[in-house]
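Here's the structure we're looking at; comments come further down.
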Amino acid sequence: MQFRTLGKTGFSISEISLGTWQVGGKWGDPFSHENADHILNAAADAGINFIDTADVYGDGESEKAVGRLVRSRSERIYVATKCGRRLQPHVNEAYQPAALRKFVDDSLRNMGLETLDLIQLHCPPTEAYYRPELFDVFDRLKDEGKIQNLGVSVEKVEEALKAIEYPNVTTVQIIFNLFRQRPAELFFTEAKRRNIGVIVRVPLASGLLTGKFDQNTTFSQDDHRTFNRQGDAFDKGETFSGVDYETGLAAVNELKTVFPNGLAVDALRWILTFDAVSCVIPGASKPEHLIANIQAADRPAPSPEQMAAVKKIYDERIKTPVHYLW
């Protein structure tokens, strides 16, 4: 496993880390702590030392599983969680310092920890990034020892650029993959200049970049890949990175010829070629997925010819409908 520094936090973290949106099982299934324990311990055994979760994953059950892992292992495992998505309705006006304080306390209780290595605002509405009082409250929480660092998880590059203007923001979690390349422009430049840790989420575009889907693939009714393709439940960019499914399949077929030795692993390795990236957090609903993802750390970097081919496919198929929206 290779390690990179997570920006201003100073944490040395595994460049392939773990996102826990699906750690309790497949999307829509009841949360399985047995499954979560298998995956989380397999991650630690493989050298992963950075785990990303959120208070809404499994309605708090994911945080409980992650906390159990941290308390049971001797290795230093860094924990990042997120808050804000419990607000109903999830609107700017609902974001208030008192609510954020409560979410931090709830996460500490869920995980059985005395402090959070990293707390992240969980994709708040764009207007919230223009409210300094929401960021100031985390300075008080740090003074109280409840958190060590503040970060944000964003939908849009605009939000990322605004967030890193706040001195206490140390990390940004952002969607970046073969189908979502805009962050590599201005945002990565600014993140490096300000020493911001960059955590890459949705690296395989909701599984589309595994190359395992086709026109006949179906998803359960409770799976966001069924009900959120048009953004009916939350930001459309969370599902297949905002790419139309048929368009994505056509692009994947081309990408398979560029990366014939396993698209998923090479898609993760492509992300790691960008030195602004601190880590990538693919999810896993079974240990086999985790082991496959870890192989990316040892994969050779894409050749200049492969990088050029990726750019051509992106420019011709993806850029117009996706690039300027997020």
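FYI, nothing fancy with the structure tokens labels: chains A, B, ... in order, residues from 1 per chain, ligands from 1 as they appear.
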Hey, could you make a per-residue contact list for stretch 89-178 of chain A against stretch 62-81 of chain A with 10 Å as the cut-off, showing the nearest pair of atoms and its distance in Å to one decimal, counting only C-alpha atoms, sorted by chain and number, as a Markdown table?
| residue | atom | partner | partner_atom | distance |
| --- | --- | --- | --- | --- |
| A:Val104 | CA | A:Thr81 | CA | 9.2 |
| A:Asp106 | CA | A:Glu63 | CA | 10.0 |
| A:Ser107 | CA | A:Glu63 | CA | 7.0 |
| A:Leu108 | CA | A:Gly67 | CA | 8.9 |
| A:Arg109 | CA | A:Lys64 | CA | 8.7 |
| A:Asn110 | CA | A:Lys64 | CA | 5.1 |
| A:Met111 | CA | A:Gly67 | CA | 4.0 |
| A:Gly112 | CA | A:Gly67 | CA | 6.1 |
| A:Leu113 | CA | A:Gly67 | CA | 7.0 |
| A:Thr115 | CA | A:Val79 | CA | 9.7 |
| A:Leu116 | CA | A:Val79 | CA | 6.8 |
| A:Asp117 | CA | A:Val79 | CA | 5.6 |
| A:Leu118 | CA | A:Ala80 | CA | 4.6 |
| A:Ile119 | CA | A:Thr81 | CA | 5.2 |
| A:Gln120 | CA | A:Thr81 | CA | 6.2 |
| A:Leu121 | CA | A:Thr81 | CA | 8.8 |
| A:His122 | CA | A:Thr81 | CA | 8.8 |
| A:Asn149 | CA | A:Ala80 | CA | 9.3 |
| A:Leu150 | CA | A:Ala80 | CA | 9.5 |
| A:Gly151 | CA | A:Ala80 | CA | 9.0 |
With a cut-off of 12 Å, could you pull out the residues of stretch 12-98 of chain A touching stretch 230-242 of chain A and give me the nearest pair of atoms for each, distance in Å to one decimal, using only C-alpha atoms, ordered by chain and ascending number, as a tab-separated table?
residue	atom	partner	partner_atom	distance
A:Arg85	CA	A:Phe234	CA	10.6
A:Pro89	CA	A:Phe234	CA	11.7
A:His90	CA	A:Phe234	CA	9.9
A:Val91	CA	A:Phe234	CA	11.9
Since we have the selection now, will you write its residues out, keeping C-alpha atoms, as a compact mmCIF listing (two decimals), in the first residue's frame?
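As written to disk, result00.txt reads:
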# COMPACT_ATOMS: atom_id res chain seq x y z
CA ARG A 85 -27.90 15.17 5.39
CA PRO A 89 -35.89 19.26 4.50
CA HIS A 90 -32.28 19.41 3.38
CA VAL A 91 -32.22 23.13 2.67
Worksheet item: Which residues, written as a ChimeraX atom specification, have at least one atom at most 8 Å from stretch 262-279 of chain A, with only C-alpha atoms counted and residues fewer than 2 positions away on the same chain left out?
Response: /A:4-7,13-17,176-178,184,188-189,191-192,197-200,203-204,209-211,255-256,259-260,281,292-293,295-297,299-302
Practice prompt. Please give the complete set of residues from stretch 136-221 of chain A that DSSP, run on the backbone, assigns to strand (DSSP E or B), formatted as a PyMOL selection string.
Written response: chain A and resi 147+150-153+169-175+177+180+197-201
Print the selection's residues with C-alpha atoms to a file, as a short mmCIF file (atom, residue, chain, number, x, y, z; two decimals), in the first residue's frame.
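The result, written out as selection-v2.cif:
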data_model
loop_
_atom_site.label_atom_id
_atom_site.label_comp_id
_atom_site.auth_asym_id
_atom_site.auth_seq_id
_atom_site.Cartn_x
_atom_site.Cartn_y
_atom_site.Cartn_z
CA ILE A 147 -13.06 17.17 16.33
CA LEU A 150 -13.07 20.05 9.25
CA GLY A 151 -13.72 19.13 5.65
CA VAL A 152 -16.52 19.31 3.12
CA SER A 153 -18.09 16.87 0.73
CA VAL A 169 -11.31 23.66 5.92
CA THR A 170 -8.58 21.03 5.54
CA THR A 171 -10.11 18.58 3.04
CA VAL A 172 -12.55 18.39 0.16
CA GLN A 173 -14.33 15.22 -0.88
CA ILE A 174 -15.34 15.45 -4.53
CA ILE A 175 -16.53 13.27 -7.40
CA ASN A 177 -13.37 9.90 -12.33
CA ARG A 180 -16.11 13.60 -14.22
CA GLY A 197 -6.47 17.18 1.13
CA VAL A 198 -8.51 15.82 -1.79
CA ILE A 199 -10.64 12.73 -1.16
CA VAL A 200 -12.08 11.28 -4.35
CA ARG A 201 -15.54 9.76 -4.07
#
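Minimum atom-to-atom distances from A:Asp55, A:Asp298, A:Asp105, A:Glu246 to A:Gly84 were compared using only C-alpha atoms, and the lowest value belongs to A:Asp55.
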Discussion item. Going by DSSP on the backbone, which residues of stretch 2-168 of chain A come out as helix (DSSP H, G or I)? List them as an MDAnalysis selection string.
Written reply: chainID A and resid 7:9 33:45 57:72 92:94 97:111 126:130 132:143 157:163
Name the residues in contact with A:Thr247 at a cut-off of 12 Å, using only C-alpha atoms, excluding same-chain residues fewer than 2 positions from it; report them as a compact mmCIF listing (two decimals) with N, CA and C atoms, in the first residue's frame.
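And here's out-v6.txt as it stands now:
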# COMPACT_ATOMS: atom_id res chain seq x y z
N PHE A 179 -15.38 9.86 -15.97
CA PHE A 179 -16.57 10.54 -16.48
C PHE A 179 -16.79 11.92 -15.85
N LEU A 208 -20.61 1.95 -12.96
CA LEU A 208 -20.61 1.96 -14.43
C LEU A 208 -19.21 1.73 -14.98
N ASP A 214 -24.51 -3.72 -18.66
CA ASP A 214 -24.89 -3.61 -20.07
C ASP A 214 -26.35 -3.17 -20.15
N GLN A 215 -26.91 -3.20 -21.35
CA GLN A 215 -28.29 -2.73 -21.54
C GLN A 215 -29.31 -3.59 -20.78
N PHE A 240 -24.30 7.47 -11.41
CA PHE A 240 -23.51 7.34 -12.65
C PHE A 240 -22.76 8.63 -12.97
N SER A 241 -22.44 9.40 -11.92
CA SER A 241 -21.72 10.68 -12.07
C SER A 241 -22.46 11.66 -12.98
N GLY A 242 -23.77 11.48 -13.11
CA GLY A 242 -24.57 12.38 -13.92
C GLY A 242 -24.59 12.03 -15.39
N VAL A 243 -23.94 10.92 -15.76
CA VAL A 243 -23.88 10.51 -17.16
C VAL A 243 -25.12 9.69 -17.52
N ASP A 244 -25.73 9.99 -18.66
CA ASP A 244 -26.82 9.18 -19.16
C ASP A 244 -26.35 7.73 -19.29
N TYR A 245 -27.18 6.79 -18.86
CA TYR A 245 -26.76 5.39 -18.77
C TYR A 245 -26.31 4.85 -20.13
N LEU A 249 -22.56 3.58 -21.18
CA LEU A 249 -22.23 2.24 -21.70
C LEU A 249 -21.40 2.33 -22.97
N ALA A 250 -21.76 3.24 -23.84
CA ALA A 250 -21.01 3.41 -25.10
C ALA A 250 -19.58 3.85 -24.81
N ALA A 251 -19.42 4.77 -23.88
CA ALA A 251 -18.08 5.23 -23.51
C ALA A 251 -17.28 4.12 -22.85
N VAL A 252 -17.94 3.34 -22.00
CA VAL A 252 -17.26 2.22 -21.33
C VAL A 252 -16.74 1.22 -22.35
N ASN A 253 -17.51 0.93 -23.38
CA ASN A 253 -17.06 -0.02 -24.41
C ASN A 253 -15.79 0.48 -25.08
N GLU A 254 -15.68 1.77 -25.28
CA GLU A 254 -14.45 2.32 -25.85
C GLU A 254 -13.30 2.26 -24.83
N ILE A 313 -12.13 10.27 -25.59
CA ILE A 313 -13.45 9.68 -25.30
C ILE A 313 -14.28 10.65 -24.46
N TYR A 314 -13.64 11.23 -23.44
CA TYR A 314 -14.34 12.19 -22.59
C TYR A 314 -14.83 13.39 -23.40
N GLU A 316 -15.43 13.68 -26.56
CA GLU A 316 -16.41 13.38 -27.60
C GLU A 316 -17.75 12.91 -27.04
N ARG A 317 -17.74 12.21 -25.91
CA ARG A 317 -18.99 11.60 -25.42
C ARG A 317 -19.54 12.20 -24.14
N ILE A 318 -18.68 12.70 -23.26
CA ILE A 318 -19.11 13.04 -21.91
C ILE A 318 -19.10 14.54 -21.63
N LYS A 319 -18.15 15.25 -22.18
CA LYS A 319 -17.90 16.62 -21.74
C LYS A 319 -19.09 17.55 -21.90
N THR A 320 -19.72 17.55 -23.07
CA THR A 320 -20.81 18.50 -23.29
C THR A 320 -21.96 18.34 -22.31
N PRO A 321 -22.48 17.13 -22.06
CA PRO A 321 -23.61 17.03 -21.14
C PRO A 321 -23.26 17.05 -19.67
N VAL A 322 -21.97 16.93 -19.30
CA VAL A 322 -21.62 16.76 -17.89
C VAL A 322 -20.69 17.84 -17.35
Fill in: Counting only C-alpha atoms, the residue of A:Ser32, A:Asn195, A:Ser285, A:Ser220 that sits nearest A:Pro167
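Between A:Ser32, A:Asn195, A:Ser285, A:Ser220, the residue approaching A:Pro167 most closely is A:Asn195.
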